[in-house]
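Enquirer: Structure: structure_23.txt, compact mmCIF, C-alpha atoms and all ligand atoms.
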```
# COMPACT_ATOMS: atom_id res chain seq x y z
CA THR A 35 0.00 0.00 0.00
CA LYS A 36 1.08 3.65 -0.33
CA ASP A 37 0.55 6.71 1.77
CA GLU A 38 -0.65 10.18 0.76
CA ASN A 39 2.74 10.99 -0.79
CA GLY A 40 3.13 7.74 -2.66
CA ILE A 41 5.52 6.34 -0.05
CA PRO A 42 5.31 2.56 0.27
CA GLN A 43 3.84 1.20 3.46
CA VAL A 44 3.60 -2.39 4.58
CA ILE A 45 0.56 -3.72 6.42
CA LEU A 46 0.88 -6.63 8.84
CA ARG A 47 -2.29 -8.46 9.91
CA SER A 48 -2.84 -11.04 12.63
CA PRO A 49 -5.36 -13.85 12.03
CA ARG A 50 -7.61 -12.35 14.72
CA GLY A 51 -7.78 -8.94 13.07
CA ALA A 52 -5.07 -6.84 14.74
CA SER A 53 -2.89 -4.90 12.33
CA ALA A 54 0.18 -2.69 12.03
CA ARG A 55 1.26 -0.38 9.24
CA VAL A 56 4.89 0.52 8.65
CA SER A 57 6.21 3.25 6.36
CA LEU A 58 9.46 2.99 4.45
CA HIS A 59 9.91 6.66 5.16
CA GLY A 60 11.70 6.71 8.48
CA GLY A 61 11.14 3.02 9.14
CA GLN A 62 8.22 4.39 11.10
CA VAL A 63 5.33 2.38 12.48
CA ARG A 64 2.37 4.53 11.43
CA SER A 65 -0.49 2.52 12.91
CA TRP A 66 -1.13 -0.31 15.36
CA LYS A 67 -4.70 -1.54 15.79
CA ASN A 68 -6.18 -4.10 18.14
CA GLU A 69 -8.59 -6.86 17.18
CA ARG A 70 -11.49 -4.41 17.44
CA ASN A 71 -9.87 -2.17 14.83
CA GLU A 72 -9.15 0.54 17.44
CA GLU A 73 -6.06 2.64 16.75
CA LEU A 74 -3.57 2.42 19.61
CA LEU A 75 -1.01 4.96 18.41
CA PHE A 76 -1.50 8.70 18.20
CA THR A 77 -0.93 10.66 14.97
CA SER A 78 -1.41 14.42 14.85
CA ASN A 79 -4.07 15.81 12.52
CA LYS A 80 -1.59 18.56 11.74
CA SER A 81 1.17 16.20 10.83
CA LYS A 82 3.20 17.13 7.81
CA LEU A 83 2.94 14.08 5.66
CA LYS A 84 5.62 15.32 3.30
CA PRO A 85 9.11 13.90 3.55
CA PRO A 86 11.76 14.49 4.69
CA ALA A 87 9.93 15.51 7.90
CA ALA A 88 8.84 12.54 9.99
CA VAL A 89 5.12 12.17 10.61
CA ARG A 90 4.17 13.47 14.09
CA GLY A 91 2.96 10.24 15.63
CA GLY A 92 3.28 6.48 15.40
CA ILE A 93 6.76 5.22 16.25
CA PRO A 94 9.61 7.16 14.64
CA THR A 95 13.07 5.65 15.10
CA CYS A 96 15.61 8.00 16.69
CA PHE A 97 19.12 7.03 15.53
CA PRO A 98 22.07 7.67 15.84
CA GLN A 99 21.31 10.63 18.13
CA PHE A 100 18.57 11.40 20.62
CA GLY A 101 17.22 14.95 20.83
CA ASN A 102 19.91 17.55 20.41
CA ARG A 103 22.61 15.63 22.29
CA GLY A 104 25.10 15.83 19.42
CA THR A 105 25.84 17.61 16.18
CA LEU A 106 23.23 15.91 14.00
CA GLU A 107 19.67 17.01 13.34
CA GLN A 108 17.20 16.58 16.23
CA HIS A 109 16.70 12.85 17.02
CA GLY A 110 19.19 11.85 14.29
CA PHE A 111 18.58 11.26 10.60
CA ALA A 112 17.03 7.77 10.54
CA ARG A 113 13.45 9.02 10.92
CA ASN A 114 13.86 11.30 7.90
CA ARG A 115 15.36 8.79 5.48
CA MET A 116 13.89 6.26 3.06
CA TRP A 117 14.49 2.72 4.26
CA ALA A 118 14.49 -0.46 2.16
CA VAL A 119 12.54 -3.69 2.65
CA ASP A 120 14.73 -6.77 3.08
CA GLU A 121 13.10 -9.28 0.76
CA ASN A 122 15.22 -12.14 2.16
CA PRO A 123 15.38 -11.52 5.88
CA PRO A 124 17.23 -13.86 8.21
CA PRO A 125 14.89 -16.41 9.80
CA PHE A 126 13.28 -15.99 13.17
CA GLN A 127 15.06 -17.11 16.28
CA SER A 128 13.16 -19.06 18.91
CA VAL A 129 12.20 -15.98 20.89
CA ASP A 130 10.07 -14.90 17.97
CA SER A 131 8.33 -18.21 17.42
CA ASN A 132 4.89 -17.02 18.54
CA SER A 133 4.83 -14.44 15.79
CA THR A 134 2.62 -14.57 12.78
CA THR A 135 3.86 -11.87 10.54
CA PHE A 136 6.87 -9.61 10.27
CA ILE A 137 8.77 -7.26 8.00
CA ASP A 138 12.46 -6.30 8.05
CA LEU A 139 13.43 -2.77 7.05
CA LEU A 140 17.00 -1.70 6.48
CA LEU A 141 18.85 1.57 6.68
CA THR A 142 22.49 1.76 5.64
CA SER A 143 25.05 4.54 5.43
CA SER A 144 24.53 6.64 2.31
CA ASP A 145 27.26 8.80 0.78
CA ASP A 146 25.47 11.92 2.00
CA ASP A 147 25.08 10.60 5.55
CA LEU A 148 28.73 9.55 5.67
CA LYS A 149 29.59 13.23 5.35
CA ILE A 150 27.69 14.08 8.55
CA TRP A 151 28.19 10.77 10.41
CA PRO A 152 31.31 9.02 9.05
CA HIS A 153 30.48 5.44 10.06
CA SER A 154 29.42 2.48 7.92
CA TYR A 155 26.55 0.67 9.55
CA GLU A 156 23.46 -1.33 8.88
CA LEU A 157 20.33 -0.75 10.95
CA ARG A 158 17.79 -3.56 10.68
CA LEU A 159 14.35 -2.97 12.14
CA ARG A 160 12.13 -6.04 12.42
CA VAL A 161 8.47 -5.24 13.06
CA ILE A 162 6.52 -8.24 14.28
CA LEU A 163 2.80 -8.58 14.88
CA SER A 164 2.09 -11.65 17.00
CA VAL A 165 -1.02 -13.84 16.90
CA ASP A 166 -2.38 -12.01 19.94
CA GLY A 167 -1.78 -8.57 18.41
CA HIS A 168 1.39 -7.67 20.32
CA LEU A 169 3.73 -5.39 18.40
CA SER A 170 7.44 -6.14 18.72
CA LEU A 171 10.29 -4.12 17.35
CA ILE A 172 13.71 -5.72 17.14
CA SER A 173 16.48 -3.39 16.10
CA ARG A 174 19.97 -4.45 15.20
CA VAL A 175 22.86 -2.15 14.43
CA ARG A 176 26.03 -3.58 12.90
CA ASN A 177 29.35 -1.79 12.60
CA PHE A 178 30.88 -2.21 9.13
CA ASN A 179 33.59 0.33 9.93
CA CYS A 180 37.18 -0.36 10.75
CA LYS A 181 36.81 1.89 13.80
CA PRO A 182 34.39 1.77 16.74
CA PHE A 183 31.40 4.10 16.80
CA SER A 184 28.77 5.09 19.36
CA PHE A 185 25.12 5.93 18.98
CA ALA A 186 21.90 6.58 20.85
CA PHE A 187 18.61 4.94 19.99
CA ALA A 188 14.92 5.40 20.80
CA HIS A 189 11.59 4.06 19.63
CA HIS A 190 9.74 7.35 20.01
CA THR A 191 6.34 5.81 20.73
CA TYR A 192 3.24 8.03 20.62
CA PHE A 193 0.57 6.10 22.55
CA ALA A 194 -3.03 7.19 22.00
CA VAL A 195 -4.74 7.96 25.32
CA SER A 196 -8.26 9.21 25.99
CA ASP A 197 -7.37 11.95 28.50
CA ILE A 198 -3.81 12.57 29.67
CA SER A 199 -5.10 13.81 33.07
CA GLU A 200 -6.48 10.32 33.73
CA VAL A 201 -3.33 8.43 32.77
CA ARG A 202 -0.87 6.76 35.13
CA VAL A 203 2.53 5.28 34.32
CA GLU A 204 3.97 2.58 36.55
CA GLY A 205 7.41 1.02 36.57
CA LEU A 206 9.45 4.20 36.98
CA GLU A 207 9.20 4.49 40.78
CA THR A 208 12.45 5.38 42.60
CA LEU A 209 14.40 5.74 39.35
CA ASP A 210 16.76 8.57 38.58
CA TYR A 211 15.84 10.71 35.61
CA LEU A 212 17.31 13.54 33.59
CA ASP A 213 14.86 16.40 33.27
CA ASN A 214 15.02 18.04 29.85
CA LEU A 215 13.01 20.95 31.28
CA CYS A 216 15.83 21.65 33.81
CA ASN A 217 18.98 21.42 31.66
CA ARG A 218 19.01 17.65 32.03
CA GLU A 219 19.53 17.90 35.75
CA ARG A 220 19.34 14.56 37.53
CA PHE A 221 16.45 13.90 39.95
CA THR A 222 15.04 10.83 41.67
CA GLU A 223 11.40 9.87 41.12
CA GLN A 224 9.56 10.15 44.42
CA GLY A 225 5.99 9.24 43.53
CA ASP A 226 4.37 5.80 43.37
CA ALA A 227 3.19 6.29 39.82
CA LEU A 228 3.61 9.05 37.31
CA THR A 229 0.56 11.22 36.59
CA PHE A 230 0.31 14.28 34.38
CA GLU A 231 -0.68 17.86 35.08
CA SER A 232 1.96 19.84 33.18
CA GLU A 233 4.70 19.42 30.58
CA VAL A 234 6.93 16.39 31.10
CA ASP A 235 10.15 15.70 29.20
CA ARG A 236 12.37 13.21 31.01
CA VAL A 237 14.79 10.38 30.42
CA TYR A 238 14.38 7.75 33.15
CA LEU A 239 17.63 5.85 33.60
CA SER A 240 18.10 2.10 33.70
CA SER A 241 14.44 1.28 34.15
CA SER A 242 13.03 -2.15 34.88
CA ASP A 243 12.20 -4.24 31.85
CA ALA A 244 8.47 -3.53 32.02
CA VAL A 245 6.60 -0.24 32.19
CA ALA A 246 2.80 0.09 32.13
CA ILE A 247 0.53 2.91 31.00
CA PHE A 248 -2.95 2.82 32.56
CA ASP A 249 -5.63 4.69 30.64
CA HIS A 250 -8.49 4.89 33.15
CA GLU A 251 -11.07 6.38 30.85
CA LYS A 252 -10.56 3.79 28.12
CA LYS A 253 -10.00 1.03 30.68
CA ARG A 254 -6.94 0.04 28.73
CA THR A 255 -3.41 -0.82 29.81
CA PHE A 256 -0.36 -0.73 27.59
CA VAL A 257 2.63 -2.76 28.70
CA ILE A 258 6.09 -2.04 27.33
CA ARG A 259 8.63 -4.84 27.73
CA LYS A 260 12.15 -4.22 26.63
CA GLU A 261 15.66 -5.61 26.39
CA GLY A 262 18.89 -3.83 25.52
CA LEU A 263 17.17 -0.46 25.83
CA PRO A 264 17.84 0.64 29.42
CA ASP A 265 16.20 4.06 29.41
CA ILE A 266 12.61 5.26 29.15
CA VAL A 267 11.71 8.68 27.76
CA VAL A 268 8.43 10.20 28.94
CA TRP A 269 7.17 13.19 26.99
CA ASN A 270 4.00 15.23 26.88
CA PRO A 271 4.29 18.83 25.65
CA TRP A 272 1.17 20.08 27.49
CA ASP A 273 -0.64 23.24 26.34
CA LYS A 274 2.06 25.91 25.98
CA LYS A 275 4.63 23.78 24.15
CA SER A 276 1.87 22.32 21.95
CA ARG A 277 1.12 25.77 20.58
CA ALA A 278 4.78 26.15 19.61
CA ILE A 279 4.95 22.88 17.65
CA VAL A 280 3.79 23.59 14.11
CA ASP A 281 2.78 20.07 13.19
CA PHE A 282 0.78 19.47 16.38
CA GLY A 283 -2.73 20.66 17.30
CA ASP A 284 -3.17 22.94 20.32
CA ASP A 285 -5.29 20.41 22.23
CA GLU A 286 -3.81 17.19 20.94
CA TYR A 287 -1.53 16.81 23.96
CA LYS A 288 -4.59 15.54 25.84
CA HIS A 289 -4.72 12.46 23.65
CA MET A 290 -1.11 11.33 23.47
CA LEU A 291 1.77 10.24 25.64
CA CYS A 292 5.22 9.35 24.42
CA VAL A 293 6.91 6.57 26.35
CA ASP A 294 10.01 5.49 24.48
CA ALA A 295 12.22 2.49 25.06
CA ALA A 296 15.66 3.98 24.50
CA ALA A 297 19.41 3.91 25.01
CA ILE A 298 20.43 7.50 25.65
CA GLU A 299 22.42 8.20 28.78
CA LYS A 300 25.10 5.63 28.00
CA PRO A 301 25.56 5.56 24.23
CA ILE A 302 26.07 2.12 22.70
CA THR A 303 29.56 1.51 21.37
CA LEU A 304 30.22 -1.09 18.70
CA LYS A 305 33.66 -2.34 17.71
CA PRO A 306 34.29 -3.19 14.05
CA GLY A 307 32.06 -6.09 13.04
CA GLU A 308 30.05 -6.00 16.26
CA GLU A 309 26.26 -5.97 16.40
CA TRP A 310 23.84 -4.58 18.98
CA THR A 311 20.27 -5.75 19.47
CA GLY A 312 17.41 -3.93 21.17
CA ARG A 313 13.92 -5.34 21.62
CA VAL A 314 10.65 -3.85 22.68
CA GLU A 315 7.27 -5.54 22.88
CA LEU A 316 4.10 -3.49 23.17
CA SER A 317 0.91 -5.16 24.33
CA VAL A 318 -2.48 -3.81 25.28
CA THR A 319 -5.19 -5.23 27.47
CA ALA A 320 -8.60 -4.18 28.62
CA SER A 321 -8.07 -3.64 32.33
CA ILE A 322 -9.96 -3.44 35.57
CA GLN A 323 -8.31 -0.49 37.31
C1 LIG B 401 10.91 13.93 22.90
C2 LIG B 401 11.97 14.80 23.48
O1 LIG B 401 11.29 12.60 22.93
O2 LIG B 401 10.65 14.34 21.57
C3 LIG B 401 11.46 16.23 23.46
O3 LIG B 401 12.28 14.38 24.77
C4 LIG B 401 11.05 16.63 22.06
O4 LIG B 401 12.44 17.08 23.98
C5 LIG B 401 10.08 15.62 21.51
O5 LIG B 401 10.48 17.91 22.10
C6 LIG B 401 9.64 15.89 20.09
O6 LIG B 401 10.71 16.02 19.23
P1 LIG B 401 10.48 16.37 17.73
O7 LIG B 401 11.83 16.60 17.14
O8 LIG B 401 9.79 15.19 17.10
O9 LIG B 401 9.62 17.60 17.71
```
For the file at hand, write its structure as structure tokens.
Expert:
Amino acid sequence: TKDENGIPQVILRSPRGASARVSLHGGQVRSWKNERNEELLFTSNKSKLKPPAAVRGGIPTCFPQFGNRGTLEQHGFARNRMWAVDENPPPFQSVDSNSTTFIDLLLTSSDDDLKIWPHSYELRLRVILSVDGHLSLISRVRNFNCKPFSFAFAHHTYFAVSDISEVRVEGLETLDYLDNLCNRERFTEQGDALTFESEVDRVYLSSSDAVAIFDHEKKRTFVIRKEGLPDIVVWNPWDKKSRAIVDFGDDEYKHMLCVDAAAIEKPITLKPGEEWTGRVELSVTASIQ
């Protein structure tokens, strides 16, 4: 299938009716729906659908930089590039055996990118939709250089929520975090669960392997399970920042929450020939809260 700009997109479907849609632009998951055809990811109505800008929503891939921590464009270039489909992907390993359908997308160093980031690499993103509708992302970065390189990585995941004021995030209790709203100063989380009443832009460090988002109004719980991605970014721009973001509606902050599985504080370093793997599994359940 193709999007509004003629960019190829791949649709994955589970036998029970869940689906995911992935764009070759940015290697970005653009949609994830449950068995009742309900969209689980947020996309802004004001999103610029024209490349090279990434669509505001879904799951853009931030690589090899997160935010403005470096000399590259914000969140790195991967989300703004065209990726390729691997028509002959390596087979599944046992951990993936429950899966029904998957696609492998590849991003490799282009001549232009080598000028701004002089490292030969391959980034392979495997998007898997399991029988029960879980969405897994397995990312692998391989160093084809003769020198080591370091990078940051994040699955910048825009979850759709009914009302941000009624949302609670669990799994970040007692963790240290860097607050982007205070020059990345380090704080320790004091509360039992995270709730939202103003702008939040934090990188929680070395979180546990599972984080949950409770959406009271929708009676829905998202669970994020991860491996190889120690940090969790939590972002909601709230009202003032929303008005300053051109491709974001003034009130849309009420209906989204970004919770990203990421590796930011300690960049990943790969020696020549080495490969890194990060995994995240997103699941959703109707919950009694
Ligand atoms: C978040 C960052 O992950 O992404 C924020 O922590 C940033 O600082 C936000 O504002 C959105 O970034 P962008 O580049 O997509 O507007």
Enquirer: Please find the residues contacting ligand LIG 401 (chain B) at a distance of at most 9 Å between atoms, with all atoms listed in the file counted, and report them as an MDAnalysis selection string.
Expert: chainID A and resid 88:91 94 96 100:102 107:109 188 190:191 214:215 234:237 267:271 275 279 281 292:294
Enquirer: Could you produce a table of the residues of range 214-311 of chain A lying within 9 Å of range 200-210 of chain A, with the nearest pair of atoms per residue and their separation in Å rounded to one decimal, using only C-alpha atoms, ordered by chain and increasing residue number, as JSON lines?
Expert:
```
{"residue": "A:Arg220", "atom": "CA", "partner": "A:Asp210", "partner_atom": "CA", "distance": 6.6}
{"residue": "A:Phe221", "atom": "CA", "partner": "A:Asp210", "partner_atom": "CA", "distance": 5.5}
{"residue": "A:Thr222", "atom": "CA", "partner": "A:Asp210", "partner_atom": "CA", "distance": 4.2}
{"residue": "A:Glu223", "atom": "CA", "partner": "A:Thr208", "partner_atom": "CA", "distance": 4.8}
{"residue": "A:Gln224", "atom": "CA", "partner": "A:Thr208", "partner_atom": "CA", "distance": 5.9}
{"residue": "A:Gly225", "atom": "CA", "partner": "A:Glu207", "partner_atom": "CA", "distance": 6.4}
{"residue": "A:Asp226", "atom": "CA", "partner": "A:Glu207", "partner_atom": "CA", "distance": 5.6}
{"residue": "A:Ala227", "atom": "CA", "partner": "A:Glu204", "partner_atom": "CA", "distance": 5.0}
{"residue": "A:Leu228", "atom": "CA", "partner": "A:Val203", "partner_atom": "CA", "distance": 4.9}
{"residue": "A:Thr229", "atom": "CA", "partner": "A:Arg202", "partner_atom": "CA", "distance": 4.9}
{"residue": "A:Phe230", "atom": "CA", "partner": "A:Val201", "partner_atom": "CA", "distance": 7.1}
{"residue": "A:Val237", "atom": "CA", "partner": "A:Asp210", "partner_atom": "CA", "distance": 8.6}
{"residue": "A:Tyr238", "atom": "CA", "partner": "A:Asp210", "partner_atom": "CA", "distance": 6.0}
{"residue": "A:Leu239", "atom": "CA", "partner": "A:Asp210", "partner_atom": "CA", "distance": 5.7}
{"residue": "A:Ser240", "atom": "CA", "partner": "A:Leu209", "partner_atom": "CA", "distance": 7.7}
{"residue": "A:Ser241", "atom": "CA", "partner": "A:Leu206", "partner_atom": "CA", "distance": 6.4}
{"residue": "A:Ser242", "atom": "CA", "partner": "A:Gly205", "partner_atom": "CA", "distance": 6.7}
{"residue": "A:Asp243", "atom": "CA", "partner": "A:Gly205", "partner_atom": "CA", "distance": 8.5}
{"residue": "A:Ala244", "atom": "CA", "partner": "A:Gly205", "partner_atom": "CA", "distance": 6.5}
{"residue": "A:Val245", "atom": "CA", "partner": "A:Gly205", "partner_atom": "CA", "distance": 4.6}
{"residue": "A:Ala246", "atom": "CA", "partner": "A:Glu204", "partner_atom": "CA", "distance": 5.2}
{"residue": "A:Ile247", "atom": "CA", "partner": "A:Val203", "partner_atom": "CA", "distance": 4.5}
{"residue": "A:Phe248", "atom": "CA", "partner": "A:Arg202", "partner_atom": "CA", "distance": 5.1}
{"residue": "A:Asp249", "atom": "CA", "partner": "A:Val201", "partner_atom": "CA", "distance": 4.9}
{"residue": "A:His250", "atom": "CA", "partner": "A:Glu200", "partner_atom": "CA", "distance": 5.8}
{"residue": "A:Glu251", "atom": "CA", "partner": "A:Glu200", "partner_atom": "CA", "distance": 6.7}
{"residue": "A:Ile266", "atom": "CA", "partner": "A:Leu206", "partner_atom": "CA", "distance": 8.5}
{"residue": "A:Leu291", "atom": "CA", "partner": "A:Val201", "partner_atom": "CA", "distance": 9.0}
```
Enquirer: Please identify all polymer residues within 9 Å of Gly283 in chain A, counting all atoms listed in the file, omitting same-chain residues fewer than 2 positions from it, and present them as a list of chain:residue names.
Expert: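 Contacts, in chain order: A:Ser78, A:Asn79, A:Lys80, A:Ser81, A:Ser276, A:Arg277, A:Ile279, A:Val280, A:Asp281, A:Asp285, A:Glu286, A:Tyr287.
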Enquirer: For the residues selected in the previous step, produce a file with C-alpha atoms as an mmCIF file, in the frame of the given file.
Expert:
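Output file result-v6.cif follows:
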```
data_model
loop_
_atom_site.group_PDB
_atom_site.id
_atom_site.type_symbol
_atom_site.label_atom_id
_atom_site.label_comp_id
_atom_site.auth_asym_id
_atom_site.auth_seq_id
_atom_site.Cartn_x
_atom_site.Cartn_y
_atom_site.Cartn_z
ATOM 1 C CA SER A 78 -1.410 14.420 14.850
ATOM 2 C CA ASN A 79 -4.070 15.810 12.520
ATOM 3 C CA LYS A 80 -1.590 18.560 11.740
ATOM 4 C CA SER A 81 1.170 16.200 10.830
ATOM 5 C CA SER A 276 1.870 22.320 21.950
ATOM 6 C CA ARG A 277 1.120 25.770 20.580
ATOM 7 C CA ILE A 279 4.950 22.880 17.650
ATOM 8 C CA VAL A 280 3.790 23.590 14.110
ATOM 9 C CA ASP A 281 2.780 20.070 13.190
ATOM 10 C CA ASP A 285 -5.290 20.410 22.230
ATOM 11 C CA GLU A 286 -3.810 17.190 20.940
ATOM 12 C CA TYR A 287 -1.530 16.810 23.960
#
```
Enquirer: Contacts of Glu73 in chain A at 12 Å or less, counting all atoms listed in the file, minus same-chain residues fewer than 6 places along, as a list in words?
Expert: Ala52, Ser53, Ala54, Arg55, Arg64, Ser65, Trp66, Lys67, Gly91, Gly92, Tyr192, Phe193, Ala194, Val195, Ser196 and Val318 of chain A
Enquirer: Please determine, counting all atoms listed in the file, which residue among A:Glu72, A:Asp265, A:Glu309, A:Asp284 has the shortest atom-to-atom distance to Ala296 in chain A.
Expert: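 Using all atoms listed in the file, the shortest distance to Ala296 in chain A belongs to A:Asp265.
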Enquirer: Pick the closest to Pro98 in chain A from A:Ile302, A:Ile137, A:Leu263, A:Val44: which is it, counting all atoms listed in the file?
Expert: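 Comparing A:Ile302, A:Ile137, A:Leu263, A:Val44 against Pro98 in chain A, the winner is A:Ile302.
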Enquirer: Once you add 5 Å to each side, what are the centre and edge lengths of the axis-aligned box holding all listed atoms of range 80-96 of chain A? One decimal in Å, as lines of an AutoDock Vina configuration file, if you can.
Expert:
```
center_x = 7.0
center_y = 11.9
center_z = 10.0
size_x = 27.2
size_y = 23.3
size_z = 23.4
```
Enquirer: How would you write as a list in words the residues that get within 10 Å of (-0.2, 24.5, 31.7) in the file's frame, counting all atoms listed in the file?
Expert: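 The requested residues, written out, are Glu231, Ser232, Glu233, Pro271, Trp272, Asp273, Lys274 and Lys275 of chain A.
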Enquirer: Ranking A:Ser57, A:Arg313, A:Val119, A:Asp147 by minimum distance to Thr35 in chain A and counting only C-alpha atoms, which one comes first?
Expert: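 That would be A:Ser57, the residue with the smallest distance to Thr35 in chain A.
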Enquirer: Applying 7 Å and all atoms listed in the file, which residues near Leu169 in chain A remain after dropping the ones on its own chain fewer than 5 positions away? List them as a list of chain:residue names.
Expert: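 Result of the neighbour search: A:Ile162, A:Leu163, A:Ser164, A:Glu315, A:Leu316, A:Ser317.
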Enquirer: So how many Å separate CA of Thr311 in chain A and CA of Thr135 in chain A, to one decimal?
Expert: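 It comes out at 19.7 Å.
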Enquirer: Between CA of Tyr155 in chain A and CA of Leu141 in chain A, what is the distance, to one decimal in Å?
Expert: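 Between these atoms lies a distance of 8.3 Å.
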Enquirer: What does the distance from CA of Phe282 in chain A to CA of Phe76 in chain A come to in Å, to one decimal?
Expert: 11.2 Å
Enquirer: Pick from A:Thr77, A:Ser184, A:Asn122, A:Thr134: nearest to Ile93 in chain A, with all atoms listed in the file counted?
Expert: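 The answer is A:Thr77, which sits nearest to Ile93 in chain A.
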Enquirer: Pick from A:Arg254, A:Arg218, A:Lys82, A:His189: nearest to Ala295 in chain A, with all atoms listed in the file counted?
Expert: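 Of A:Arg254, A:Arg218, A:Lys82, A:His189, the one nearest Ala295 in chain A, counting all atoms listed in the file, is A:His189.
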Enquirer: If we count all atoms listed in the file and set the cut-off at 12 Å, which residues sit around Phe185 in chain A, ignoring sequence neighbours fewer than 6 positions away in its own chain? Please answer as number ranges by chain.
Expert: A: 96-100, 103-104, 106, 109-112, 151, 153, 155, 157, 175-177, 296-305, 310
Enquirer: For range 114-118 of chain A, please output as a list of chain:residue names all residues within 6 Å (counting all atoms listed in the file; exclusion window: fewer than 6 positions along the same chain).
Expert: A:Leu58, A:His59, A:Gly60, A:Gly61, A:Pro86, A:Ala87, A:Ala88, A:Leu139, A:Leu140, A:Leu141
Enquirer: For each of A:Thr105, A:Asn217, A:His168, A:Val56, take the minimum atom-to-atom distance to Asp37 in chain A, counting all atoms listed in the file, then give the residue where this is smallest.
Expert: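 Residue with the minimum atom-to-atom distance to Asp37 in chain A: A:Val56.
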